[in-house]
>>> print(open('protein00.csv').read())   # CSV, C-alpha atoms and all ligand atoms
chain,number,residue,atom,x,y,z
A,1,MET,CA,-40.6,-35.8,-7.8
A,2,LYS,CA,-41.2,-36.5,-4.1
A,3,ALA,CA,-38.5,-35.9,-1.6
A,4,GLN,CA,-36.5,-38.6,0.0
A,5,ILE,CA,-37.6,-39.1,3.6
A,6,ILE,CA,-34.5,-39.0,5.9
A,7,ASP,CA,-34.6,-41.9,8.3
A,8,GLY,CA,-33.4,-40.3,11.5
A,9,LYS,CA,-34.7,-43.2,13.6
A,10,GLY,CA,-32.6,-45.7,11.6
A,11,PHE,CA,-29.6,-43.5,11.4
A,12,ALA,CA,-29.8,-42.9,15.2
A,13,SER,CA,-29.9,-46.7,15.9
A,14,GLY,CA,-26.7,-47.0,13.8
A,15,VAL,CA,-25.1,-44.2,15.9
A,16,ARG,CA,-26.1,-46.0,19.1
A,17,ALA,CA,-24.7,-49.3,17.8
A,18,ARG,CA,-21.4,-47.6,17.1
A,19,VAL,CA,-21.4,-46.1,20.6
A,20,ALA,CA,-22.2,-49.5,22.2
A,21,GLU,CA,-19.4,-51.1,20.3
A,22,HIS,CA,-16.9,-48.5,21.5
A,23,VAL,CA,-18.2,-48.8,25.0
A,24,GLY,CA,-17.7,-52.5,24.9
A,25,ARG,CA,-14.1,-52.0,23.8
A,26,LEU,CA,-13.4,-49.5,26.7
A,27,LYS,CA,-14.8,-52.0,29.1
A,28,ALA,CA,-12.7,-54.9,27.8
A,29,ALA,CA,-9.5,-52.8,27.6
A,30,HIS,CA,-9.7,-50.6,30.7
A,31,GLY,CA,-12.7,-51.9,32.8
A,32,VAL,CA,-14.2,-48.4,32.6
A,33,VAL,CA,-18.0,-47.8,32.0
A,34,PRO,CA,-19.0,-44.4,30.8
A,35,GLY,CA,-21.7,-42.9,33.0
A,36,LEU,CA,-24.5,-40.4,32.3
A,37,ALA,CA,-26.4,-38.5,35.1
A,38,VAL,CA,-29.7,-37.0,34.1
A,39,VAL,CA,-31.4,-34.5,36.5
A,40,LEU,CA,-35.1,-33.8,36.3
A,41,VAL,CA,-36.6,-31.1,38.5
A,42,GLY,CA,-40.4,-31.1,38.7
A,43,GLU,CA,-43.0,-33.4,37.2
A,44,ASP,CA,-43.6,-32.4,33.6
A,45,PRO,CA,-45.0,-35.6,32.0
A,46,ALA,CA,-43.3,-35.1,28.6
A,47,SER,CA,-40.0,-34.5,30.3
A,48,GLU,CA,-40.4,-37.7,32.4
A,49,VAL,CA,-40.9,-39.7,29.2
A,50,TYR,CA,-37.8,-38.3,27.7
A,51,VAL,CA,-35.7,-38.9,30.8
A,52,ARG,CA,-37.0,-42.4,31.1
A,53,ASN,CA,-36.1,-43.1,27.4
A,54,LYS,CA,-32.7,-41.6,27.9
A,55,GLY,CA,-32.1,-44.0,30.8
A,56,ILE,CA,-33.2,-47.0,28.8
A,57,GLN,CA,-31.1,-46.2,25.8
A,58,THR,CA,-28.1,-45.3,28.0
A,59,ARG,CA,-28.2,-48.8,29.6
A,60,LYS,CA,-28.8,-50.5,26.2
A,61,ALA,CA,-25.5,-48.9,25.0
A,62,GLY,CA,-23.7,-50.5,27.9
A,63,MET,CA,-23.3,-47.3,29.9
A,64,ALA,CA,-24.3,-46.5,33.4
A,65,SER,CA,-27.3,-44.3,34.0
A,66,PHE,CA,-27.8,-42.2,37.1
A,67,GLU,CA,-31.3,-40.6,37.3
A,68,HIS,CA,-32.0,-37.9,39.8
A,69,LYS,CA,-35.6,-36.7,40.2
A,70,LEU,CA,-36.1,-33.6,42.4
A,71,PRO,CA,-39.4,-32.0,43.4
A,72,ALA,CA,-40.5,-28.9,41.6
A,73,GLU,CA,-40.0,-26.8,44.8
A,74,THR,CA,-36.4,-27.9,45.4
A,75,PRO,CA,-34.3,-24.9,46.4
A,76,GLN,CA,-31.7,-23.9,43.8
A,77,GLU,CA,-28.9,-24.4,46.3
A,78,ASP,CA,-29.8,-28.1,46.6
A,79,LEU,CA,-29.6,-28.5,42.8
A,80,LEU,CA,-26.3,-26.8,42.8
A,81,ALA,CA,-25.1,-29.0,45.6
A,82,LEU,CA,-26.1,-32.1,43.6
A,83,ILE,CA,-24.3,-30.8,40.5
A,84,GLY,CA,-21.2,-30.3,42.7
A,85,LYS,CA,-21.4,-33.9,43.8
A,86,LEU,CA,-21.8,-35.2,40.2
A,87,ASN,CA,-18.9,-33.0,39.0
A,88,ALA,CA,-16.7,-34.7,41.6
A,89,ASP,CA,-17.9,-38.2,40.9
A,90,PRO,CA,-15.4,-40.1,38.7
A,91,ALA,CA,-18.2,-42.6,37.7
A,92,VAL,CA,-20.1,-39.7,36.1
A,93,HIS,CA,-18.7,-38.6,32.7
A,94,GLY,CA,-21.8,-36.7,31.5
A,95,ILE,CA,-24.3,-34.5,33.3
A,96,LEU,CA,-27.6,-33.4,31.8
A,97,VAL,CA,-30.1,-31.1,33.6
A,98,GLN,CA,-33.4,-31.3,31.8
A,99,LEU,CA,-34.8,-28.0,30.6
A,100,PRO,CA,-36.9,-26.0,31.2
A,101,LEU,CA,-36.3,-25.6,34.9
A,102,PRO,CA,-39.0,-24.3,37.3
A,103,GLY,CA,-39.4,-20.6,37.3
A,104,HIS,CA,-37.6,-19.9,40.6
A,105,MET,CA,-34.4,-21.2,39.2
A,106,ASP,CA,-31.7,-19.4,37.2
A,107,ALA,CA,-31.1,-21.8,34.3
A,108,GLU,CA,-27.9,-20.0,33.3
A,109,ARG,CA,-26.4,-20.2,36.8
A,110,VAL,CA,-27.3,-23.9,37.0
A,111,ILE,CA,-25.9,-24.9,33.6
A,112,ASN,CA,-22.7,-22.9,34.2
A,113,ALA,CA,-22.2,-24.9,37.5
A,114,ILE,CA,-21.7,-28.1,35.5
A,115,ASP,CA,-18.1,-29.0,34.9
A,116,PRO,CA,-17.7,-28.1,31.1
A,117,ALA,CA,-15.9,-31.4,30.5
A,118,LYS,CA,-19.1,-33.2,31.7
A,119,ASP,CA,-21.5,-30.8,30.0
A,120,VAL,CA,-22.8,-33.3,27.4
A,121,ASP,CA,-25.6,-30.9,26.4
A,122,GLY,CA,-22.9,-28.4,25.3
A,123,PHE,CA,-24.8,-25.5,27.0
A,124,HIS,CA,-22.1,-24.3,29.4
A,125,ILE,CA,-20.7,-20.9,28.5
A,126,SER,CA,-17.2,-22.4,28.0
A,127,ASN,CA,-18.5,-24.9,25.4
A,128,VAL,CA,-20.5,-22.2,23.6
A,129,GLY,CA,-17.3,-20.1,23.4
A,130,LEU,CA,-15.2,-23.0,22.2
A,131,LEU,CA,-17.7,-23.9,19.5
A,132,GLY,CA,-17.9,-20.3,18.4
A,133,THR,CA,-14.2,-20.1,18.0
A,134,GLY,CA,-13.9,-23.4,16.3
A,135,GLN,CA,-12.1,-25.2,19.2
A,136,LYS,CA,-12.8,-28.7,20.5
A,137,SER,CA,-15.9,-28.6,22.7
A,138,MET,CA,-19.0,-30.5,23.8
A,139,VAL,CA,-21.5,-29.9,20.9
A,140,PRO,CA,-25.2,-29.6,21.7
A,141,CYS,CA,-26.9,-32.9,20.8
A,142,THR,CA,-29.8,-31.7,18.6
A,143,PRO,CA,-27.6,-29.6,16.2
A,144,LEU,CA,-25.0,-32.3,16.2
A,145,GLY,CA,-27.6,-34.9,15.1
A,146,CYS,CA,-28.8,-32.6,12.4
A,147,LEU,CA,-25.2,-32.1,11.1
A,148,MET,CA,-24.7,-35.8,11.0
A,149,LEU,CA,-27.8,-36.3,8.9
A,150,LEU,CA,-26.8,-33.4,6.6
A,151,ARG,CA,-23.2,-34.7,6.1
A,152,ASP,CA,-24.6,-38.2,5.4
A,153,ARG,CA,-26.9,-37.0,2.7
A,154,LEU,CA,-24.9,-34.1,1.1
A,155,GLY,CA,-21.3,-35.0,1.9
A,156,ASP,CA,-19.3,-31.7,1.6
A,157,LEU,CA,-21.6,-28.8,2.7
A,158,SER,CA,-19.2,-26.0,1.7
A,159,GLY,CA,-20.7,-23.2,-0.2
A,160,LEU,CA,-24.3,-24.2,0.3
A,161,ASN,CA,-26.8,-21.6,1.5
A,162,ALA,CA,-28.2,-22.6,4.9
A,163,VAL,CA,-31.1,-20.9,6.6
A,164,VAL,CA,-31.7,-21.7,10.2
A,165,VAL,CA,-35.2,-20.5,11.4
A,166,GLY,CA,-34.9,-20.0,15.2
A,167,ARG,CA,-32.2,-18.4,17.3
A,168,SER,CA,-32.4,-20.3,20.6
A,169,ASN,CA,-29.2,-21.1,22.6
A,170,ILE,CA,-30.0,-24.8,22.5
A,171,VAL,CA,-30.8,-25.3,18.8
A,172,GLY,CA,-30.7,-22.3,16.4
A,173,LYS,CA,-27.4,-20.6,17.4
A,174,PRO,CA,-25.3,-23.8,17.8
A,175,MET,CA,-26.8,-25.2,14.6
A,176,ALA,CA,-25.7,-22.0,12.7
A,177,GLN,CA,-22.2,-22.3,14.2
A,178,LEU,CA,-21.9,-25.9,13.1
A,179,LEU,CA,-23.0,-25.1,9.5
A,180,LEU,CA,-20.6,-22.2,9.4
A,181,GLY,CA,-17.9,-24.6,10.6
A,182,ASP,CA,-18.7,-26.7,7.6
A,183,SER,CA,-18.4,-23.6,5.4
A,184,CYS,CA,-22.0,-23.1,4.6
A,185,THR,CA,-23.2,-19.5,4.0
A,186,VAL,CA,-25.5,-19.2,7.0
A,187,THR,CA,-28.5,-17.0,7.7
A,188,ILE,CA,-30.3,-17.1,11.0
A,189,ALA,CA,-34.0,-16.1,10.9
A,190,HIS,CA,-36.3,-15.4,13.8
A,191,SER,CA,-39.6,-13.7,14.6
A,192,ARG,CA,-38.5,-10.3,13.4
A,193,THR,CA,-37.2,-11.6,10.0
A,194,LYS,CA,-38.8,-9.8,7.0
A,195,ASP,CA,-40.1,-12.0,4.2
A,196,LEU,CA,-39.3,-15.3,5.9
A,197,ALA,CA,-40.9,-17.3,3.1
A,198,GLY,CA,-38.7,-15.6,0.5
A,199,LEU,CA,-35.6,-16.1,2.6
A,200,CYS,CA,-36.4,-19.8,3.1
A,201,ARG,CA,-36.7,-20.2,-0.7
A,202,THR,CA,-33.0,-19.3,-1.0
A,203,ALA,CA,-31.9,-22.2,1.2
A,204,ASP,CA,-30.2,-25.3,0.0
A,205,ILE,CA,-30.3,-26.4,3.6
A,206,LEU,CA,-33.4,-25.3,5.6
A,207,VAL,CA,-33.4,-26.0,9.4
A,208,ALA,CA,-36.6,-25.3,11.2
A,209,ALA,CA,-36.4,-24.8,15.0
A,210,VAL,CA,-39.3,-22.6,15.8
A,211,GLY,CA,-41.9,-24.4,17.9
A,212,ARG,CA,-44.8,-23.5,15.6
A,213,PRO,CA,-46.7,-26.5,14.2
A,214,ARG,CA,-46.4,-26.8,10.4
A,215,MET,CA,-45.5,-23.1,10.0
A,216,ILE,CA,-43.1,-23.7,7.1
A,217,ARG,CA,-45.0,-24.7,4.0
A,218,GLY,CA,-44.0,-26.3,0.7
A,219,ASP,CA,-44.1,-23.1,-1.2
A,220,TRP,CA,-41.4,-21.7,1.1
A,221,VAL,CA,-39.0,-24.5,0.1
A,222,LYS,CA,-36.5,-24.3,-2.7
A,223,PRO,CA,-37.0,-27.3,-5.1
A,224,GLY,CA,-34.5,-30.0,-4.2
A,225,ALA,CA,-33.5,-28.5,-0.8
A,226,THR,CA,-32.7,-30.5,2.2
A,227,VAL,CA,-35.2,-29.8,5.0
A,228,ILE,CA,-34.4,-30.6,8.6
A,229,ASP,CA,-37.4,-30.3,10.9
A,230,VAL,CA,-36.4,-29.9,14.6
A,231,GLY,CA,-39.9,-28.9,15.8
A,232,ILE,CA,-41.7,-31.2,18.2
A,233,ASN,CA,-45.2,-29.9,18.6
A,234,ARG,CA,-48.1,-31.8,20.3
A,235,ILE,CA,-51.4,-30.9,18.7
A,236,GLU,CA,-55.0,-32.0,18.9
A,237,GLU,CA,-56.2,-33.3,15.6
A,238,ALA,CA,-59.2,-35.4,14.7
A,239,GLY,CA,-59.9,-35.9,18.4
A,240,ARG,CA,-56.4,-37.2,19.4
A,241,THR,CA,-53.0,-35.9,20.2
A,242,ARG,CA,-50.3,-36.2,17.7
A,243,LEU,CA,-46.7,-35.0,17.1
A,244,VAL,CA,-46.0,-32.6,14.2
A,245,GLY,CA,-42.9,-30.6,13.2
A,246,ASP,CA,-42.4,-26.9,12.4
A,247,VAL,CA,-42.6,-27.9,8.7
A,248,ASP,CA,-45.8,-28.7,6.9
A,249,PHE,CA,-44.6,-32.2,5.9
A,250,ASP,CA,-47.1,-33.1,3.2
A,251,SER,CA,-46.6,-29.9,1.1
A,252,ALA,CA,-42.8,-29.7,1.7
A,253,LEU,CA,-42.5,-33.4,0.6
A,254,GLN,CA,-43.6,-32.4,-2.9
A,255,VAL,CA,-40.8,-29.8,-3.3
A,256,ALA,CA,-37.8,-30.7,-1.2
A,257,GLY,CA,-35.0,-33.1,-2.2
A,258,ALA,CA,-35.0,-34.7,1.2
A,259,ILE,CA,-36.8,-34.0,4.5
A,260,THR,CA,-36.8,-35.4,8.1
A,261,PRO,CA,-40.2,-36.6,9.4
A,262,VAL,CA,-41.6,-35.9,12.9
A,263,PRO,CA,-41.5,-38.2,14.7
A,264,GLY,CA,-38.7,-40.4,13.6
A,265,GLY,CA,-36.3,-37.6,12.3
A,266,VAL,CA,-34.2,-35.3,14.5
A,267,GLY,CA,-35.7,-36.5,17.9
A,268,PRO,CA,-34.0,-39.9,17.9
A,269,MET,CA,-30.7,-38.3,16.8
A,270,THR,CA,-30.8,-36.0,19.8
A,271,ILE,CA,-30.7,-39.0,22.2
A,272,ALA,CA,-28.1,-40.9,20.1
A,273,CYS,CA,-25.8,-37.9,20.2
A,274,LEU,CA,-26.3,-37.5,23.9
A,275,LEU,CA,-24.9,-41.1,24.3
A,276,ALA,CA,-22.1,-40.2,21.8
A,277,ASN,CA,-21.2,-37.1,23.8
A,278,THR,CA,-21.1,-39.1,27.0
A,279,LEU,CA,-18.7,-41.6,25.4
A,280,THR,CA,-16.6,-38.7,24.0
A,281,ALA,CA,-16.5,-37.1,27.5
A,282,CYS,CA,-15.3,-40.4,29.0
A,283,CYS,CA,-12.6,-40.8,26.4
A,284,ARG,CA,-11.4,-37.2,26.9
A,285,ALA,CA,-11.4,-37.6,30.7
A,286,HIS,CA,-9.0,-40.5,30.4
A,287,GLY,CA,-6.9,-39.2,27.6
A,288,TRP,CA,-8.0,-42.0,25.2
A,289,PRO,CA,-8.6,-41.6,21.5
A,290,GLU,CA,-12.1,-40.3,20.8
A,291,PRO,CA,-14.7,-42.3,18.8
A,292,GLU,CA,-14.5,-41.4,15.1
A,293,GLY,CA,-17.4,-39.9,13.3
A,294,LEU,CA,-19.4,-39.3,16.5
A,295,THR,CA,-18.1,-35.7,17.1
A,296,ALA,CA,-18.3,-32.5,15.1
A,301,LIG,N1,-35.9,-32.8,18.2
A,301,LIG,C1,-35.3,-32.4,19.4
A,301,LIG,O1,-34.5,-33.2,19.9
A,301,LIG,C2,-35.6,-31.1,19.9
A,301,LIG,C3,-36.7,-30.4,19.5
A,301,LIG,N2,-37.0,-29.1,20.0
A,301,LIG,C4,-38.1,-28.5,19.4
A,301,LIG,O2,-37.6,-27.5,18.5
A,301,LIG,C5,-38.5,-26.3,18.5
A,301,LIG,C6,-37.7,-25.1,18.8
A,301,LIG,O3,-37.1,-25.3,20.1
A,301,LIG,P1,-36.3,-24.1,20.8
A,301,LIG,O4,-35.2,-23.7,19.9
A,301,LIG,O5,-36.0,-24.6,22.2
A,301,LIG,O6,-37.4,-23.0,20.9
A,301,LIG,P2,-37.4,-21.5,21.4
A,301,LIG,O7,-38.8,-21.2,21.7
A,301,LIG,O8,-36.4,-21.3,22.4
A,301,LIG,O9,-37.0,-20.6,20.1
A,301,LIG,C7,-37.9,-20.5,19.0
A,301,LIG,C8,-37.3,-19.6,18.0
A,301,LIG,O10,-38.2,-19.5,16.9
A,301,LIG,C9,-38.4,-18.1,16.6
A,301,LIG,N3,-39.8,-17.9,16.1
A,301,LIG,C10,-40.9,-18.0,16.8
A,301,LIG,N4,-42.0,-17.7,16.1
A,301,LIG,C11,-41.5,-17.4,14.8
A,301,LIG,C12,-42.1,-17.0,13.6
A,301,LIG,N5,-43.4,-16.8,13.5
A,301,LIG,N6,-41.2,-16.7,12.6
A,301,LIG,C13,-39.9,-16.9,12.7
A,301,LIG,N7,-39.3,-17.3,13.8
A,301,LIG,C14,-40.1,-17.5,14.9
A,301,LIG,C15,-38.1,-17.4,17.8
A,301,LIG,O11,-37.8,-16.1,17.5
A,301,LIG,P3,-37.4,-14.9,18.5
A,301,LIG,O12,-36.0,-15.2,19.1
A,301,LIG,O13,-37.4,-13.7,17.7
A,301,LIG,O14,-38.5,-15.0,19.6
A,301,LIG,C16,-37.0,-18.2,18.5
A,301,LIG,O15,-35.7,-17.7,18.1
A,301,LIG,C17,-39.6,-26.7,19.5
A,301,LIG,O16,-40.7,-27.2,18.7
A,301,LIG,C18,-39.0,-27.7,20.3
A,301,LIG,O17,-39.9,-28.6,20.9
A,301,LIG,C19,-36.1,-28.6,20.9
A,301,LIG,C20,-35.0,-29.2,21.4
A,301,LIG,C21,-34.7,-30.6,21.0
A,302,LIG,N1,-31.1,-30.3,28.9
A,302,LIG,C1,-31.9,-30.7,27.9
A,302,LIG,N2,-31.3,-31.3,26.8
A,302,LIG,C2,-32.2,-31.7,25.8
A,302,LIG,O1,-31.7,-32.3,24.8
A,302,LIG,C3,-33.6,-31.5,25.9
A,302,LIG,C4,-34.0,-30.8,27.1
A,302,LIG,N3,-33.2,-30.4,28.1
A,302,LIG,N4,-35.4,-30.6,27.2
A,302,LIG,C5,-36.3,-31.0,26.2
A,302,LIG,C6,-35.7,-31.1,24.8
A,302,LIG,C7,-36.5,-32.0,23.9
A,302,LIG,N5,-35.7,-33.1,23.5
A,302,LIG,C8,-36.0,-34.2,22.8
A,302,LIG,C9,-35.3,-35.4,22.8
A,302,LIG,C10,-35.8,-36.5,22.1
A,302,LIG,C11,-36.9,-36.4,21.4
A,302,LIG,C12,-37.4,-37.7,20.6
A,302,LIG,O2,-36.9,-38.7,20.7
A,302,LIG,N6,-38.6,-37.6,19.9
A,302,LIG,C13,-39.2,-38.7,19.2
A,302,LIG,C14,-40.6,-38.9,19.6
A,302,LIG,C15,-40.9,-39.0,21.0
A,302,LIG,C16,-42.4,-39.0,21.3
A,302,LIG,O3,-43.1,-39.8,20.7
A,302,LIG,O4,-42.8,-38.2,22.2
A,302,LIG,C17,-39.2,-38.4,17.7
A,302,LIG,O5,-39.1,-37.2,17.3
A,302,LIG,O6,-39.3,-39.4,16.9
A,302,LIG,C18,-37.7,-35.3,21.3
A,302,LIG,C19,-37.2,-34.1,22.0
A,302,LIG,C20,-34.5,-33.0,24.2
A,302,LIG,N7,-34.5,-31.8,24.9
>>> encode(input="protein00.csv", output="structure tokens", more="lines below")
Ligand SMILES: NC(=O)C1=CN([C@@H]2O[C@H](COP(=O)(O)OP(=O)(O)OC[C@H]3O[C@@H](n4cnc5c(N)ncnc54)[C@H](OP(=O)(O)O)[C@@H]3O)[C@@H](O)[C@H]2O)C=CC1
Ligand SMILES: Nc1nc(=O)c2c([nH]1)NC[C@@H]1CN(c3ccc(C(=O)N[C@@H](CCC(=O)O)C(=O)O)cc3)C=[N+]21
Amino acid sequence: MKAQIIDGKGFASGVRARVAEHVGRLKAAHGVVPGLAVVLVGEDPASEVYVRNKGIQTRKAGMASFEHKLPAETPQEDLLALIGKLNADPAVHGILVQLPLPGHMDAERVINAIDPAKDVDGFHISNVGLLGTGQKSMVPCTPLGCLMLLRDRLGDLSGLNAVVVGRSNIVGKPMAQLLLGDSCTVTIAHSRTKDLAGLCRTADILVAAVGRPRMIRGDWVKPGATVIDVGINRIEEAGRTRLVGDVDFDSALQVAGAITPVPGGVGPMTIACLLANTLTACCRAHGWPEPEGLTA
């Protein structure tokens, strides 16, 4: 039987609608508008598209969007000064510095300069530590979006075998922490893992965050498994550019129980969760109740 295709795009639009509704209530009750600042350094065309989409969706949700574009050669001190200003600005509840940063910058130093309470990416060392110890934190958007899709499909995740392929700080590691928090038995795989195919076949939940087009094939997938494809790879095929995931969708579709497509899967959830995190940050800043179902 063919797998169910998980409609990340549709689910994300539901999340955005819930965010917009909550934002409307904050405005009516308190006159406060949640604000998200996005900082882009340099002129990577793909990043510019993402940043523009983030701005559009932020405004559509009724929130304020502040976009800061800096030239690639901006000194790190200037970026740190901007972050300092955004940290101190009460109209800004969330700050996102688009990654990757130009080579002359120290990304860790820059990210750790963001006020952890405004770190809507969840990349600040304080948020990483809070997540790792099961305390309330800002949760990275992409893993949070994956968790929402998994809970929606599977309900209780406890006891399930989860394999996360990829160990980056922005996807793989926080994804593994969230799955552990939901009581999965978690294995993190990476480029040195032995018999990756065999390991993947043990997974009830298989999350692919590798950055290699179609690497994970149908015969690596346990029949009935839920497959979450985080990969966003631009490839040339039949003379045009297209977007494919880290999973070979066509063959995995024949084996899995459910699978996210690329595009239209995890990507839209990432932006929806960014809006949700901005709303959560705004509520926490004011000591108001947090939106339900929009946090980990
Ligand atoms: N949908 C979304 O919103 C987002 C999508 N992405 C996409 O997700 C993918 C992963 O991103 P990111 O985590 O930043 O990537 P990184 O390049 O930071 O990490 C990739 C990970 O994959 C592992 N890996 C690489 N090759 C292999 C292999 N042959 N076998 C097993 N493991 C391998 C690496 O292992 P090792 O550590 O050993 O080198 C590394 O841990 C990319 O396609 C990216 O575009 C990223 C962010 C958001
Ligand atoms: N500080 C920081 N935080 C990030 O969250 C961050 C980042 N830097 N740098 C780059 C990656 C990548 N990323 C994506 C977001 C949305 C889609 C998305 O919406 N994708 C659509 C397709 C978009 C298209 O067609 O190009 C989809 O999958 O359907 C993809 C990728 C966030 N990232």
>>> atom_distance(input="protein00.csv", atom1="atom N7 of ligand LIG 301 (chain A)", atom2="CA of Gly218 (chain A)")
16.6 Å
>>> atom_distance(input="protein00.csv", atom1="CA of Val49 (chain A)", atom2="CA of Gly245 (chain A)")
18.5 Å
>>> closest_atom_pairs(input="protein00.csv", of="chain A", to="ligand LIG 301 (chain A)", cutoff="9 Å", atoms="all atoms listed in the file", output="CSV")
residue,atom,partner,partner_atom,distance
A:Cys141,CA,A:LIG301,O1,7.7
A:Thr142,CA,A:LIG301,O1,5.1
A:Pro143,CA,A:LIG301,O1,8.6
A:Gly145,CA,A:LIG301,O1,8.6
A:Val165,CA,A:LIG301,N7,5.7
A:Gly166,CA,A:LIG301,C8,3.7
A:Arg167,CA,A:LIG301,O15,3.7
A:Ser168,CA,A:LIG301,O4,4.5
A:Asn169,CA,A:LIG301,O4,7.1
A:Ile170,CA,A:LIG301,O4,5.9
A:Val171,CA,A:LIG301,O4,4.8
A:Gly172,CA,A:LIG301,O4,5.9
A:Lys173,CA,A:LIG301,O4,8.8
A:Ile188,CA,A:LIG301,O15,8.9
A:Ala189,CA,A:LIG301,N7,6.2
A:His190,CA,A:LIG301,N7,3.6
A:Ser191,CA,A:LIG301,N7,3.7
A:Arg192,CA,A:LIG301,O13,5.6
A:Thr193,CA,A:LIG301,C13,6.5
A:Leu196,CA,A:LIG301,C13,7.0
A:Ala208,CA,A:LIG301,C5,7.6
A:Ala209,CA,A:LIG301,C6,4.0
A:Val210,CA,A:LIG301,O10,3.5
A:Gly211,CA,A:LIG301,O16,3.1
A:Arg212,CA,A:LIG301,O16,6.3
A:Pro213,CA,A:LIG301,O16,7.5
A:Met215,CA,A:LIG301,N5,7.5
A:Asp229,CA,A:LIG301,N1,7.9
A:Val230,CA,A:LIG301,N1,4.6
A:Gly231,CA,A:LIG301,O16,3.5
A:Ile232,CA,A:LIG301,O16,4.2
A:Asn233,CA,A:LIG301,O16,5.2
A:Arg234,CA,A:LIG301,O17,8.8
A:Val244,CA,A:LIG301,O16,8.8
A:Gly245,CA,A:LIG301,O16,6.8
A:Asp246,CA,A:LIG301,O16,6.5
A:Val262,CA,A:LIG301,N1,8.4
A:Pro263,CA,A:LIG301,N1,8.5
A:Gly265,CA,A:LIG301,N1,7.6
A:Val266,CA,A:LIG301,N1,4.8
A:Gly267,CA,A:LIG301,N1,3.7
A:Pro268,CA,A:LIG301,O1,7.0
A:Met269,CA,A:LIG301,O1,7.1
A:Thr270,CA,A:LIG301,O1,4.6
A:Ile271,CA,A:LIG301,O1,7.3
>>> residues_around(input="protein00.csv", residues="Ala203 (chain A)", least_positions_apart="3", cutoff="8 Å", atoms="all atoms listed in the file", output="PyMOL selection string")
chain A and resi 160-163+199-200+206+221-222+225
>>> closest_residue(input="protein00.csv", among="A:Phe11, A:Phe123, A:Trp220, A:Trp288", to="Gln98 (chain A)", atoms="only C-alpha atoms")
A:Phe123
